[in-house]
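Dumped query00.txt below, it's compact mmCIF, C-alpha atoms:
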```txt
# COMPACT_ATOMS: atom_id res chain seq x y z
CA MET A 7 0.00 0.00 0.00
CA LYS A 8 2.79 2.45 0.85
CA GLY A 9 4.43 1.73 -2.49
CA ALA A 10 1.14 2.40 -4.28
CA ARG A 11 0.79 5.73 -2.50
CA ARG A 12 4.32 6.68 -3.50
CA ARG A 13 3.59 5.77 -7.13
CA THR A 14 0.42 7.88 -7.06
CA ALA A 15 2.29 10.86 -5.64
CA ARG A 16 4.98 10.54 -8.29
CA SER A 17 2.38 10.24 -11.05
CA ASP A 18 0.71 13.47 -9.94
CA ARG A 19 3.83 15.56 -10.40
CA ALA A 20 2.89 18.20 -12.93
CA ALA A 21 5.93 17.42 -15.08
CA ASP A 22 4.85 13.79 -15.41
CA VAL A 23 1.21 14.32 -16.43
CA PRO A 24 0.56 16.09 -19.76
CA GLY A 25 -1.57 19.18 -19.25
CA LEU A 26 -1.47 19.11 -15.45
CA ALA A 27 0.94 22.01 -15.04
CA VAL A 28 -1.31 24.18 -17.20
CA ARG A 29 -4.39 23.23 -15.12
CA ARG A 30 -2.64 23.90 -11.82
CA ILE A 31 -1.51 27.33 -12.96
CA ALA A 32 -5.01 28.05 -14.28
CA ALA A 33 -6.43 27.01 -10.90
CA ASP A 34 -4.02 29.35 -9.09
CA ILE A 35 -5.00 32.24 -11.36
CA LEU A 36 -8.71 31.52 -10.99
CA ASP A 37 -8.32 31.47 -7.22
CA GLY A 38 -6.47 34.77 -7.44
CA VAL A 39 -9.42 36.36 -9.24
CA LEU A 40 -12.33 34.81 -7.33
CA ARG A 41 -10.87 34.61 -3.80
CA ARG A 42 -8.09 37.20 -3.65
CA ARG A 43 -9.94 39.63 -5.95
CA ARG A 44 -6.96 40.29 -8.21
CA SER A 45 -7.67 41.22 -11.82
CA LEU A 46 -7.02 38.68 -14.53
CA ASP A 47 -4.49 41.03 -16.12
CA GLU A 48 -2.60 41.22 -12.81
CA GLU A 49 -2.55 37.44 -12.54
CA LEU A 50 -1.34 37.03 -16.13
CA ASP A 51 1.23 39.82 -15.95
CA GLY A 52 4.69 38.41 -16.59
CA ALA A 53 6.44 40.57 -13.99
CA HIS A 54 3.90 40.59 -11.17
CA GLY A 55 1.53 37.68 -11.85
CA GLN A 56 1.87 33.93 -11.55
CA ALA A 57 5.61 33.21 -11.68
CA ALA A 58 5.02 29.70 -13.04
CA LEU A 59 3.67 31.16 -16.31
CA ALA A 60 7.21 31.99 -17.35
CA SER A 61 8.07 28.30 -17.51
CA LEU A 62 5.36 27.60 -20.10
CA GLU A 63 5.60 27.75 -23.86
CA ASP A 64 3.50 30.35 -25.67
CA ARG A 65 0.92 27.74 -26.65
CA ASP A 66 0.45 26.63 -23.03
CA ARG A 67 0.26 30.21 -21.76
CA ALA A 68 -2.51 30.82 -24.28
CA LEU A 69 -4.29 27.71 -23.01
CA VAL A 70 -4.06 28.94 -19.41
CA ARG A 71 -5.74 32.18 -20.40
CA ALA A 72 -8.39 30.38 -22.43
CA LEU A 73 -9.22 28.09 -19.49
CA VAL A 74 -9.55 30.91 -16.98
CA ALA A 75 -11.37 33.27 -19.35
CA THR A 76 -13.88 30.57 -20.27
CA VAL A 77 -14.66 29.89 -16.61
CA LEU A 78 -15.10 33.60 -15.89
CA ARG A 79 -17.18 34.21 -19.02
CA ARG A 80 -19.53 31.35 -18.04
CA LEU A 81 -19.20 31.58 -14.28
CA GLY A 82 -22.90 32.07 -13.56
CA THR A 83 -23.89 29.17 -15.80
CA LEU A 84 -21.23 26.85 -14.36
CA ARG A 85 -22.09 27.66 -10.75
CA HIS A 86 -25.79 27.17 -11.41
CA LEU A 87 -25.17 23.77 -13.00
CA LEU A 88 -22.85 22.63 -10.22
CA GLY A 89 -25.41 23.77 -7.65
CA LEU A 90 -27.96 21.44 -9.24
CA LEU A 91 -25.54 18.51 -9.18
CA LEU A 92 -24.13 19.01 -5.67
CA GLU A 93 -26.77 17.68 -3.29
CA ARG A 94 -24.94 18.95 -0.22
CA GLY A 95 -23.29 21.98 -1.79
CA LEU A 96 -19.58 22.71 -1.94
CA PRO A 97 -17.31 21.80 1.00
CA ALA A 98 -16.70 25.09 2.78
CA GLN A 99 -13.34 23.96 4.13
CA ALA A 100 -11.93 23.21 0.65
CA PRO A 101 -12.45 26.16 -1.74
CA ARG A 102 -10.10 24.58 -4.27
CA VAL A 103 -12.76 21.94 -4.91
CA GLU A 104 -14.95 24.53 -6.61
CA THR A 105 -11.95 25.69 -8.66
CA ALA A 106 -11.31 22.14 -9.87
CA LEU A 107 -14.99 21.63 -10.68
CA LEU A 108 -15.27 24.92 -12.56
CA LEU A 109 -12.20 24.20 -14.68
CA GLY A 110 -13.31 20.64 -15.39
CA ALA A 111 -16.87 21.61 -16.29
CA ALA A 112 -15.72 24.47 -18.53
CA GLN A 113 -13.49 22.10 -20.50
CA ILE A 114 -16.25 19.51 -20.87
CA LEU A 115 -18.94 21.96 -21.94
CA PHE A 116 -17.17 24.80 -23.76
CA LEU A 117 -13.67 23.73 -24.81
CA ASP A 118 -12.36 21.06 -27.14
CA VAL A 119 -11.01 18.79 -24.39
CA PRO A 120 -11.95 15.09 -24.17
CA ASP A 121 -14.26 14.42 -21.24
CA HIS A 122 -12.03 11.79 -19.65
CA ALA A 123 -9.00 14.10 -19.76
CA ALA A 124 -10.96 17.02 -18.28
CA VAL A 125 -12.21 14.83 -15.41
CA ASP A 126 -8.84 13.25 -14.71
CA LEU A 127 -6.95 16.55 -14.67
CA ALA A 128 -9.57 18.21 -12.44
CA VAL A 129 -9.26 15.33 -9.95
CA ARG A 130 -5.48 15.78 -9.93
CA VAL A 131 -5.85 19.55 -9.35
CA ALA A 132 -8.08 18.82 -6.34
CA ARG A 133 -5.71 16.13 -5.05
CA ALA A 134 -2.79 18.59 -5.10
CA ASP A 135 -4.59 20.73 -2.51
CA ARG A 136 -4.33 19.65 1.13
CA GLU A 137 -8.01 20.20 1.89
CA GLY A 138 -9.24 19.30 -1.58
CA ALA A 139 -7.51 15.92 -1.53
CA HIS A 140 -10.32 14.59 0.71
CA PHE A 141 -12.92 15.34 -2.00
CA THR A 142 -11.41 13.84 -5.15
CA GLY A 143 -14.21 11.29 -5.27
CA LEU A 144 -16.76 14.10 -5.23
CA VAL A 145 -14.95 15.95 -8.04
CA ASN A 146 -14.80 12.77 -10.11
CA ALA A 147 -18.48 11.90 -9.62
CA VAL A 148 -19.81 15.41 -10.28
CA LEU A 149 -17.76 15.94 -13.44
CA ARG A 150 -18.82 12.56 -14.80
CA ARG A 151 -22.41 13.75 -14.38
CA VAL A 152 -21.49 17.00 -16.14
CA ALA A 153 -20.15 14.94 -19.04
CA ARG A 154 -23.37 12.88 -19.19
CA GLU A 155 -26.00 15.52 -18.43
CA GLY A 156 -24.38 18.96 -18.57
CA ALA A 157 -24.99 19.91 -22.20
CA GLU A 158 -28.67 18.99 -21.95
CA GLN A 159 -29.02 20.89 -18.68
CA ILE A 160 -27.44 24.16 -19.80
CA ALA A 161 -29.50 24.13 -23.00
CA LYS A 162 -32.43 24.97 -20.70
CA PHE A 163 -30.61 27.82 -18.93
CA ASP A 164 -30.85 31.52 -19.74
CA MET A 165 -27.08 31.79 -19.96
CA PRO A 166 -26.68 35.51 -20.74
CA VAL A 167 -28.68 36.36 -17.61
CA LEU A 168 -26.94 33.79 -15.43
CA ASP A 169 -23.52 35.01 -16.56
CA THR A 170 -24.31 38.64 -15.71
CA PRO A 171 -24.46 39.63 -12.02
CA PRO A 172 -27.98 40.86 -11.20
CA TRP A 173 -26.83 44.32 -10.17
CA LEU A 174 -25.35 44.90 -13.62
CA MET A 175 -28.32 43.51 -15.54
CA GLU A 176 -30.66 45.71 -13.50
CA ARG A 177 -28.56 48.80 -14.22
CA TRP A 178 -28.30 48.13 -17.96
CA THR A 179 -32.03 47.45 -18.19
CA ALA A 180 -32.78 50.77 -16.50
CA THR A 181 -30.32 52.67 -18.71
CA TYR A 182 -30.71 51.00 -22.13
CA GLY A 183 -33.95 48.99 -21.92
CA ALA A 184 -34.48 45.25 -21.50
CA ALA A 185 -33.77 44.25 -25.11
CA THR A 186 -30.48 46.14 -25.33
CA ALA A 187 -29.40 44.96 -21.88
CA ARG A 188 -29.90 41.39 -22.99
CA ALA A 189 -28.02 42.02 -26.25
CA ILE A 190 -25.10 43.44 -24.25
CA ALA A 191 -25.08 40.35 -22.03
CA GLU A 192 -25.13 38.06 -25.06
CA ALA A 193 -22.25 39.94 -26.68
CA ASN A 194 -20.22 39.67 -23.48
CA GLY A 195 -20.50 35.89 -23.70
CA ARG A 196 -18.59 35.72 -26.99
CA GLU A 197 -14.81 35.54 -27.25
CA PRO A 198 -13.73 38.75 -29.03
CA ALA A 199 -11.49 38.97 -32.07
CA LEU A 200 -8.12 40.71 -32.09
CA ASP A 201 -8.40 44.42 -32.97
CA LEU A 202 -5.36 46.29 -34.27
CA THR A 203 -4.72 49.94 -35.03
CA VAL A 204 -2.25 50.09 -37.91
CA LYS A 205 0.05 52.96 -38.80
CA SER A 206 -0.84 52.79 -42.49
CA ASP A 207 -2.39 50.63 -45.23
CA PRO A 208 -5.01 48.73 -43.20
CA GLN A 209 -6.19 46.76 -46.24
CA SER A 210 -2.75 45.30 -46.76
CA TRP A 211 -2.39 44.33 -43.10
CA ALA A 212 -5.86 42.81 -43.05
CA ALA A 213 -4.83 40.59 -45.96
CA ARG A 214 -1.56 39.58 -44.28
CA LEU A 215 -3.32 38.77 -41.00
CA ASP A 216 -6.27 37.01 -42.65
CA GLY A 217 -8.63 39.59 -41.18
CA ARG A 218 -10.81 42.44 -42.37
CA VAL A 219 -10.99 46.21 -42.08
CA LEU A 220 -13.87 47.50 -39.97
CA PRO A 221 -15.77 50.68 -40.90
CA THR A 222 -13.73 52.46 -38.20
CA GLY A 223 -10.43 51.62 -39.94
CA THR A 224 -9.47 49.03 -37.33
CA VAL A 225 -8.05 45.73 -38.60
CA ARG A 226 -9.87 42.81 -36.99
CA ALA A 227 -8.38 39.31 -37.12
CA ILE A 228 -8.91 35.92 -35.52
CA ALA A 229 -5.50 35.31 -34.00
CA HIS A 230 -4.12 31.94 -33.00
CA GLY A 231 -1.02 31.90 -30.83
CA ALA A 232 0.97 34.73 -29.32
CA VAL A 233 0.35 38.27 -30.55
CA THR A 234 4.10 38.87 -30.47
CA ALA A 235 4.57 36.23 -33.18
CA LEU A 236 2.19 37.88 -35.66
CA PRO A 237 3.52 39.65 -38.77
CA GLY A 238 4.08 43.33 -38.10
CA PHE A 239 4.54 43.12 -34.34
CA ALA A 240 8.33 43.18 -34.21
CA GLU A 241 8.60 46.00 -36.75
CA GLY A 242 5.99 48.09 -34.90
CA ALA A 243 3.48 48.30 -37.74
CA TRP A 244 0.45 48.13 -35.43
CA TRP A 245 -0.71 47.92 -31.84
CA VAL A 246 -3.54 46.06 -30.13
CA GLN A 247 -6.51 48.36 -29.51
CA ASP A 248 -10.23 47.67 -29.51
CA ALA A 249 -12.14 49.40 -32.28
CA ALA A 250 -14.12 51.47 -29.78
CA ALA A 251 -11.00 52.53 -27.88
CA SER A 252 -9.56 53.96 -31.09
CA LEU A 253 -12.42 56.45 -31.55
CA PRO A 254 -11.89 59.12 -28.81
CA ALA A 255 -8.45 60.17 -30.05
CA ARG A 256 -9.95 60.82 -33.49
CA LEU A 257 -12.31 63.50 -32.16
CA PHE A 258 -9.75 66.33 -31.98
CA GLY A 259 -9.51 66.96 -35.69
CA ASP A 260 -6.20 68.28 -37.04
CA LEU A 261 -3.48 67.87 -34.40
CA HIS A 262 -0.41 68.59 -36.51
CA ASP A 263 2.22 70.39 -34.40
CA LYS A 264 -0.21 70.86 -31.50
CA ARG A 265 0.65 70.20 -27.86
CA VAL A 266 -1.56 67.45 -26.44
CA ALA A 267 -1.71 66.00 -22.94
CA ASP A 268 -2.85 62.38 -22.60
CA LEU A 269 -3.94 61.89 -18.99
CA CYS A 270 -4.08 58.39 -17.44
CA ALA A 271 -2.28 57.35 -20.61
CA ALA A 272 -1.09 53.77 -20.06
CA PRO A 273 -0.87 51.37 -21.81
CA GLY A 274 -0.51 53.91 -24.60
CA GLY A 275 -2.78 53.07 -27.53
CA LYS A 276 -4.34 56.53 -27.61
CA ALA A 277 -0.97 58.21 -27.09
CA ALA A 278 0.33 56.34 -30.13
CA GLN A 279 -2.65 57.58 -32.16
CA LEU A 280 -2.00 61.16 -31.11
CA VAL A 281 1.69 60.95 -32.02
CA CYS A 282 0.81 59.42 -35.40
CA ALA A 283 -1.57 62.37 -35.96
CA GLY A 284 1.39 64.75 -35.69
CA ALA A 285 0.89 65.99 -32.12
CA HIS A 286 3.59 66.73 -29.56
CA VAL A 287 2.31 64.41 -26.83
CA THR A 288 2.88 64.47 -23.09
CA ALA A 289 1.62 61.18 -21.63
CA VAL A 290 0.86 61.19 -17.91
CA ASP A 291 0.24 58.16 -15.67
CA ARG A 292 0.65 57.72 -11.93
CA ALA A 293 1.74 54.05 -11.95
CA PRO A 294 5.46 53.54 -12.69
CA ALA A 295 4.95 49.97 -13.95
CA ARG A 296 2.19 51.04 -16.33
CA LEU A 297 4.27 53.98 -17.53
CA GLU A 298 7.17 51.65 -18.24
CA ARG A 299 4.87 49.48 -20.32
CA LEU A 300 3.79 52.59 -22.22
CA ARG A 301 7.46 53.42 -22.80
CA GLU A 302 8.11 49.92 -24.16
CA ASN A 303 5.06 50.08 -26.44
CA LEU A 304 6.09 53.43 -27.93
CA ALA A 305 9.66 52.20 -28.40
CA ARG A 306 8.44 49.15 -30.34
CA LEU A 307 6.33 51.46 -32.52
CA SER A 308 9.26 53.88 -33.03
CA LEU A 309 7.12 56.72 -31.70
CA ALA A 310 8.25 59.47 -29.32
CA ALA A 311 6.37 61.23 -26.54
CA GLU A 312 7.24 62.92 -23.27
CA LEU A 313 6.35 60.60 -20.39
CA VAL A 314 5.48 61.92 -16.93
CA CYS A 315 4.89 59.82 -13.81
CA ALA A 316 2.40 61.86 -11.79
CA ASN A 317 -1.13 62.02 -10.42
CA ALA A 318 -3.02 63.53 -13.35
CA ALA A 319 -5.45 65.28 -10.96
CA GLU A 320 -2.60 67.30 -9.43
CA TRP A 321 0.03 67.57 -12.17
CA GLU A 322 0.77 71.13 -13.30
CA ALA A 323 2.01 72.25 -16.71
CA GLU A 324 1.68 75.02 -19.27
CA PRO A 325 -1.79 74.88 -20.88
CA PHE A 326 -2.15 72.50 -23.82
CA ASP A 327 -3.95 72.88 -27.14
CA ALA A 328 -5.83 69.67 -26.39
CA VAL A 329 -6.26 67.27 -23.48
CA LEU A 330 -7.41 63.66 -23.68
CA LEU A 331 -8.66 62.19 -20.40
CA ASP A 332 -9.30 58.44 -20.42
CA ALA A 333 -10.52 58.35 -16.84
CA PRO A 334 -10.23 55.36 -14.48
CA CYS A 335 -13.60 53.60 -14.39
CA THR A 336 -15.40 50.35 -13.63
CA ALA A 337 -14.64 49.14 -17.18
CA THR A 338 -18.06 47.51 -17.55
CA GLY A 339 -17.88 48.08 -21.31
CA THR A 340 -14.86 45.76 -21.64
CA ILE A 341 -16.32 42.51 -20.26
CA ARG A 342 -15.90 40.83 -23.66
CA ARG A 343 -12.13 41.17 -23.27
CA HIS A 344 -11.99 41.20 -19.46
CA PRO A 345 -14.48 38.58 -18.19
CA ASP A 346 -13.28 39.06 -14.61
CA VAL A 347 -14.76 42.58 -14.44
CA PRO A 348 -18.37 41.65 -13.51
CA TRP A 349 -17.15 39.40 -10.67
CA LEU A 350 -14.67 41.94 -9.25
CA LYS A 351 -16.69 45.15 -9.45
CA ARG A 352 -19.53 46.26 -7.19
CA ALA A 353 -22.20 48.95 -7.55
CA ALA A 354 -20.45 50.90 -4.79
CA ASP A 355 -17.35 51.20 -7.00
CA ILE A 356 -19.27 53.48 -9.36
CA THR A 357 -19.89 56.08 -6.67
CA GLY A 358 -16.30 55.95 -5.48
CA LEU A 359 -14.87 56.41 -8.96
CA ALA A 360 -17.25 59.23 -9.88
CA GLY A 361 -15.57 61.56 -7.40
CA ALA A 362 -12.15 60.91 -8.92
CA GLN A 363 -13.54 61.35 -12.44
CA ARG A 364 -14.98 64.76 -11.56
CA ARG A 365 -11.66 65.93 -10.11
CA LEU A 366 -9.73 64.68 -13.13
CA LEU A 367 -12.07 66.36 -15.60
CA GLU A 368 -11.92 69.67 -13.72
CA HIS A 369 -8.13 69.52 -13.82
CA ALA A 370 -8.18 68.63 -17.52
CA VAL A 371 -10.06 71.88 -18.11
CA ALA A 372 -7.43 73.78 -16.11
CA LEU A 373 -4.68 72.21 -18.27
CA THR A 374 -6.37 73.34 -21.51
CA ARG A 375 -5.72 76.75 -23.06
CA ALA A 376 -8.58 79.05 -23.98
CA GLY A 377 -9.93 77.86 -27.31
CA GLY A 378 -8.58 74.36 -26.73
CA THR A 379 -10.39 71.01 -26.76
CA ILE A 380 -10.94 68.37 -24.09
CA VAL A 381 -12.08 64.83 -24.83
CA TYR A 382 -13.34 62.95 -21.78
CA CYS A 383 -13.81 59.20 -22.18
CA THR A 384 -14.24 55.96 -20.25
CA CYS A 385 -14.82 52.29 -21.09
CA SER A 386 -17.78 52.14 -18.70
CA LEU A 387 -21.44 51.62 -19.61
CA GLU A 388 -22.64 53.43 -16.49
CA PRO A 389 -24.10 56.96 -16.90
CA GLU A 390 -22.82 58.03 -13.46
CA GLU A 391 -19.29 57.74 -14.85
CA ASN A 392 -20.05 59.39 -18.18
CA GLU A 393 -23.05 61.57 -19.05
CA ASN A 394 -23.56 62.61 -15.44
CA ILE A 395 -19.90 63.65 -15.04
CA VAL A 396 -20.05 65.82 -18.15
CA ALA A 397 -23.44 67.32 -17.27
CA ASP A 398 -22.17 68.20 -13.81
CA LEU A 399 -19.11 69.97 -15.27
CA LEU A 400 -21.19 71.91 -17.82
CA ALA A 401 -23.56 73.04 -15.07
CA ARG A 402 -20.71 74.39 -12.94
CA GLU A 403 -18.13 75.59 -15.47
CA PRO A 404 -19.21 78.51 -17.69
CA ARG A 405 -15.95 78.39 -19.69
CA VAL A 406 -16.75 74.96 -21.13
CA ARG A 407 -19.17 74.07 -23.94
CA ARG A 408 -20.06 70.70 -25.44
CA ALA A 409 -18.87 70.31 -29.05
CA PRO A 410 -21.28 67.75 -30.50
CA ILE A 411 -19.77 64.98 -32.60
CA ALA A 412 -21.09 64.47 -36.13
CA ALA A 413 -21.80 61.06 -37.64
CA SER A 414 -19.33 61.88 -40.43
CA GLU A 415 -16.56 61.95 -37.81
CA LEU A 416 -17.50 58.39 -36.86
CA PHE A 417 -17.43 56.97 -40.38
CA GLY A 418 -21.17 57.52 -40.76
CA LEU A 419 -21.96 55.23 -37.81
CA SER A 420 -24.76 57.37 -36.37
CA GLU A 421 -25.75 54.57 -33.99
CA PHE A 422 -22.60 55.47 -32.03
CA LEU A 423 -24.02 58.92 -31.16
CA THR A 424 -26.20 60.00 -28.24
CA ALA A 425 -28.94 62.61 -28.50
CA ASN A 426 -26.49 65.20 -27.11
CA GLY A 427 -23.85 64.42 -29.72
CA ASP A 428 -21.56 62.34 -27.50
CA LEU A 429 -19.95 59.05 -28.47
CA ARG A 430 -21.54 55.91 -27.02
CA THR A 431 -20.68 52.42 -28.27
CA LEU A 432 -22.20 49.20 -26.93
CA PRO A 433 -20.78 45.65 -27.02
CA CYS A 434 -23.77 44.48 -29.09
CA GLN A 435 -23.10 46.95 -31.93
CA LEU A 436 -21.16 46.27 -35.16
CA PRO A 437 -23.12 43.08 -35.94
CA ASP A 438 -21.64 40.54 -38.34
CA ALA A 439 -22.91 37.31 -39.88
CA ASP A 440 -19.75 35.70 -38.50
CA SER A 441 -20.13 36.22 -34.74
CA ARG A 442 -16.35 36.07 -34.32
CA PHE A 443 -16.11 39.44 -36.08
CA ALA A 444 -19.06 41.10 -34.31
CA GLY A 445 -19.14 43.61 -31.45
CA LEU A 446 -16.80 46.13 -29.86
CA ASP A 447 -16.15 47.49 -26.40
CA GLY A 448 -18.61 49.79 -24.68
CA PHE A 449 -17.10 53.28 -24.74
CA TYR A 450 -18.25 56.81 -23.97
CA ALA A 451 -16.63 60.09 -25.04
CA ALA A 452 -17.66 63.74 -24.87
CA ARG A 453 -15.88 66.53 -26.72
CA LEU A 454 -15.70 69.84 -24.91
CA ASN A 455 -14.38 73.25 -25.92
CA LYS A 456 -12.89 75.75 -23.49
CA VAL A 457 -14.16 79.14 -24.59
```

Could you express the structure from this file as structure tokens?
Amino acid sequence: MKGARRRTARSDRAADVPGLAVRRIAADILDGVLRRRRSLDEELDGAHGQAALASLEDRDRALVRALVATVLRRLGTLRHLLGLLLERGLPAQAPRVETALLLGAAQILFLDVPDHAAVDLAVRVARADREGAHFTGLVNAVLRRVAREGAEQIAKFDMPVLDTPPWLMERWTATYGAATARAIAEANGREPALDLTVKSDPQSWAARLDGRVLPTGTVRAIAHGAVTALPGFAEGAWWVQDAAASLPARLFGDLHDKRVADLCAAPGGKAAQLVCAGAHVTAVDRAPARLERLRENLARLSLAAELVCANAAEWEAEPFDAVLLDAPCTATGTIRRHPDVPWLKRAADITGLAGAQRRLLEHAVALTRAGGTIVYCTCSLEPEENENIVADLLAREPRVRRAPIAASELFGLSEFLTANGDLRTLPCQLPDADSRFAGLDGFYAARLNKV
């Protein structure tokens, strides 16, 4: 018996079992998001995230992200299904059991992994945990039921609703109506394509990347493998940027030889756009690590800007011709790309961020010369972070006027405009017969003139 136990222990070493190291790392990252409330980007960050990721090949790192993102994108559905199959609920003393079950069920139901492999690897993940080791039989039995009954069960579920926390669905219904709220939830459940802003000749790059050019000029492709291995990355021909995120920087008009401040600038996609438009850009961000990433991105693109590490709400400088403020927000418009957002954010976060957004916008006005332009934007769907912030400023600041955006400035896409002439994109917009090419992030932007 002792020999058998030793053989089992040896056989569970991650290096000896194909795919086990990937599942263990995925379990650690999932725990980091759901139990330690760290963002998925933080967990995947090479410098500050899971150290074990560095030991994996690019293909396996991509699989780790796919595993975790699939669980988070379908977390409500998976938890509901497991709740139906667990007669006594989850063991409170062994939280890693839920992690193993979620990863196993996601592979069985949503990923191209053989059922037996998904079950076996999930059991091994549970066994590697001191408390979870007592429940490997439970993990095995439940996942075998998922393999037999799961697909039929979830076909009866209202998955978009289950996968959206109630507080968010209620807010979106109140703001956009029930039909649009549901369409947003459905769009959030789809894996997004890779969006690229190219320096020039988008048609040529779309052909090289087997993608297409969107009406906004963004190149959209279905990428397989590491982004860094794609044609054009090393030579700095393009950068990753959602189609919606590329729109606010376009709202200034002619920027040639103008001084522009980009506040809260990292990771630098909008700063790169401004530099490419001929502006002299000062990019400001308070986080040294994020600013260093911005520096690296600009260096790869062979673009130059002045970088300042400072709190944008307090930083002082000579007035600029234009100021772009991409304010910190709840990021509820980016759930397609960041499926951890709905499970990390709370309604209370909106109120807390609104105060910071007001202070930042007021300071952006102070940093703008008379006759200059301010563009305020966020990737949030919540009006308290967008329309309400701008309305509050306009009510208190007589020197500022709204400069309505015309549909012609948005490539004729009038559905991206609000009644007041602000930019508002929704994840359910830009439909396409091929769902892989549909949608974009939810973004808001208002253009303001200082008179």

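With all atoms listed in the file as the basis for measurement, A:Glu391 is the residue among A:Lys264, A:Glu391, A:Arg407, A:Ala68 that approaches Leu359 (chain A) most closely.
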
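Rounded to one decimal, CA of Ser210 (chain A) and CA of Gly242 (chain A) lie 15.0 Å from each other.
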
- request: Using only C-alpha atoms, find the one residue out of A:Pro171, A:Gly95, A:Gly223, A:Gly418 that sits nearest to Val148 (chain A).
  value: A:Gly95

message: Which residues are near Pro120 (chain A)? Cut-off 12 Å, all atoms listed in the file, ignore same chain within fewer than 6 positions. Put them as a ChimeraX atom specification.
response: /A:110-114,126-127,150,153

Output of the above residues as a PDB file, in the frame of the given file, restricted to C-alpha atoms:
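That gives us part-v8.pdb:
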```
ATOM      1  CA  GLY A 110     -13.310  20.640 -15.390  1.00  0.00           C
ATOM      2  CA  ALA A 111     -16.870  21.610 -16.290  1.00  0.00           C
ATOM      3  CA  ALA A 112     -15.720  24.470 -18.530  1.00  0.00           C
ATOM      4  CA  GLN A 113     -13.490  22.100 -20.500  1.00  0.00           C
ATOM      5  CA  ILE A 114     -16.250  19.510 -20.870  1.00  0.00           C
ATOM      6  CA  ASP A 126      -8.840  13.250 -14.710  1.00  0.00           C
ATOM      7  CA  LEU A 127      -6.950  16.550 -14.670  1.00  0.00           C
ATOM      8  CA  ARG A 150     -18.820  12.560 -14.800  1.00  0.00           C
ATOM      9  CA  ALA A 153     -20.150  14.940 -19.040  1.00  0.00           C
TER      10      ALA A 153
END
```

Minimum-distance residue to Thr76 (chain A), chosen among A:Ala98, A:Ala199, A:Ala185, A:Leu117 (using all atoms listed in the file): A:Leu117

- prompt: CA of Ala32 (chain A) and CA of Leu108 (chain A) are how many Å apart?
  reply: 10.9 Å

message: Counting only C-alpha atoms, I want the residues whose atoms come within 12 Å of (-20.9, 17.8, -12.6) in the file frame, returned as a ChimeraX atom specification.
response: /A:84-93,95-96,103-104,106-115,121,124-125,128,143-157,159-160

field: Atom pair CA of Pro237 (chain A) / CA of Trp211 (chain A): separation (Å)
entry: 8.7 Å

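Considering the residues A:Thr431, A:Asn392, A:Ser386, A:Thr379 and counting all atoms listed in the file, Gly445 (chain A) has its shortest atom-to-atom contact with A:Thr431.
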
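Residue nearest Pro172 (chain A), chosen from A:Gly377, A:Asn194, A:Gly82, A:Leu26 and counting all atoms listed in the file: A:Gly82.
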
query: So which residues touch Arg342 (chain A) within 9 Å, counting only C-alpha atoms, skipping near sequence neighbours fewer than 5 positions away, as a PyMOL selection string?
result: chain A and resi 79+193-198+433+445-447

Do you know which residues are at most 9 Å from Ala255 (chain A) counting all atoms listed in the file, after dropping those on the same chain fewer than 5 positions away, and could you put them as a short mmCIF file (atom, residue, chain, number, x, y, z; two decimals) with C-alpha atoms, in the frame of the given file?
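The new file result-v3.cif reads:
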```cif
data_model
loop_
_atom_site.label_atom_id
_atom_site.label_comp_id
_atom_site.auth_asym_id
_atom_site.auth_seq_id
_atom_site.Cartn_x
_atom_site.Cartn_y
_atom_site.Cartn_z
CA LYS A 276 -4.34 56.53 -27.61
CA ALA A 277 -0.97 58.21 -27.09
CA GLN A 279 -2.65 57.58 -32.16
CA LEU A 280 -2.00 61.16 -31.11
CA LEU A 330 -7.41 63.66 -23.68
CA VAL A 381 -12.08 64.83 -24.83
#
```

Please report, as JSON lines, each residue of region 46-97 of chain A lying at most 9 Å from region 232-236 of chain A, together with the nearest pair of atoms and the separation in Å rounded to one decimal; use all atoms listed in the file, and order rows by chain and ascending residue number.
```
{"residue": "A:Asp64", "atom": "CA", "partner": "A:Ala232", "partner_atom": "CA", "distance": 6.2}
{"residue": "A:Arg65", "atom": "CA", "partner": "A:Ala232", "partner_atom": "CA", "distance": 7.5}
{"residue": "A:Arg67", "atom": "CA", "partner": "A:Ala232", "partner_atom": "CA", "distance": 8.8}
{"residue": "A:Ala68", "atom": "CA", "partner": "A:Ala232", "partner_atom": "CA", "distance": 7.3}
```

message: Which residue is closest to Trp244 (chain A)? Choose from A:Asp66, A:Val225, A:Leu257, A:Gly231 and count all atoms listed in the file.
response: A:Val225

Would you compute the box with edges along x, y and z of the file around region 271-279 of chain A, including every atom the file lists for it and 5 Å extra on each side, and give its centre and edge lengths in Å to one decimal, as lines of an AutoDock Vina configuration file?
```
center_x = -2.0
center_y = 54.8
center_z = -26.1
size_x = 14.7
size_y = 16.8
size_z = 22.1
```

Neighbours of Ala412 (chain A) within 9 Å (only C-alpha atoms; same-chain residues fewer than 5 positions away dropped), as a PDB file with C-alpha atoms, in the coordinates of the input?
```pdb
ATOM      1  CA  GLY A 418     -21.170  57.520 -40.760  1.00  0.00           C
ATOM      2  CA  SER A 420     -24.760  57.370 -36.370  1.00  0.00           C
ATOM      3  CA  LEU A 423     -24.020  58.920 -31.160  1.00  0.00           C
ATOM      4  CA  GLY A 427     -23.850  64.420 -29.720  1.00  0.00           C
ATOM      5  CA  ASP A 428     -21.560  62.340 -27.500  1.00  0.00           C
TER       6      ASP A 428
END
```

message: I'd like the contact shell of Leu309 (chain A) - 7 Å cut-off, only C-alpha atoms, skipping same-chain residues fewer than 2 positions apart - returned as a PyMOL selection string.
response: chain A and resi 278+281+304-305+307+311
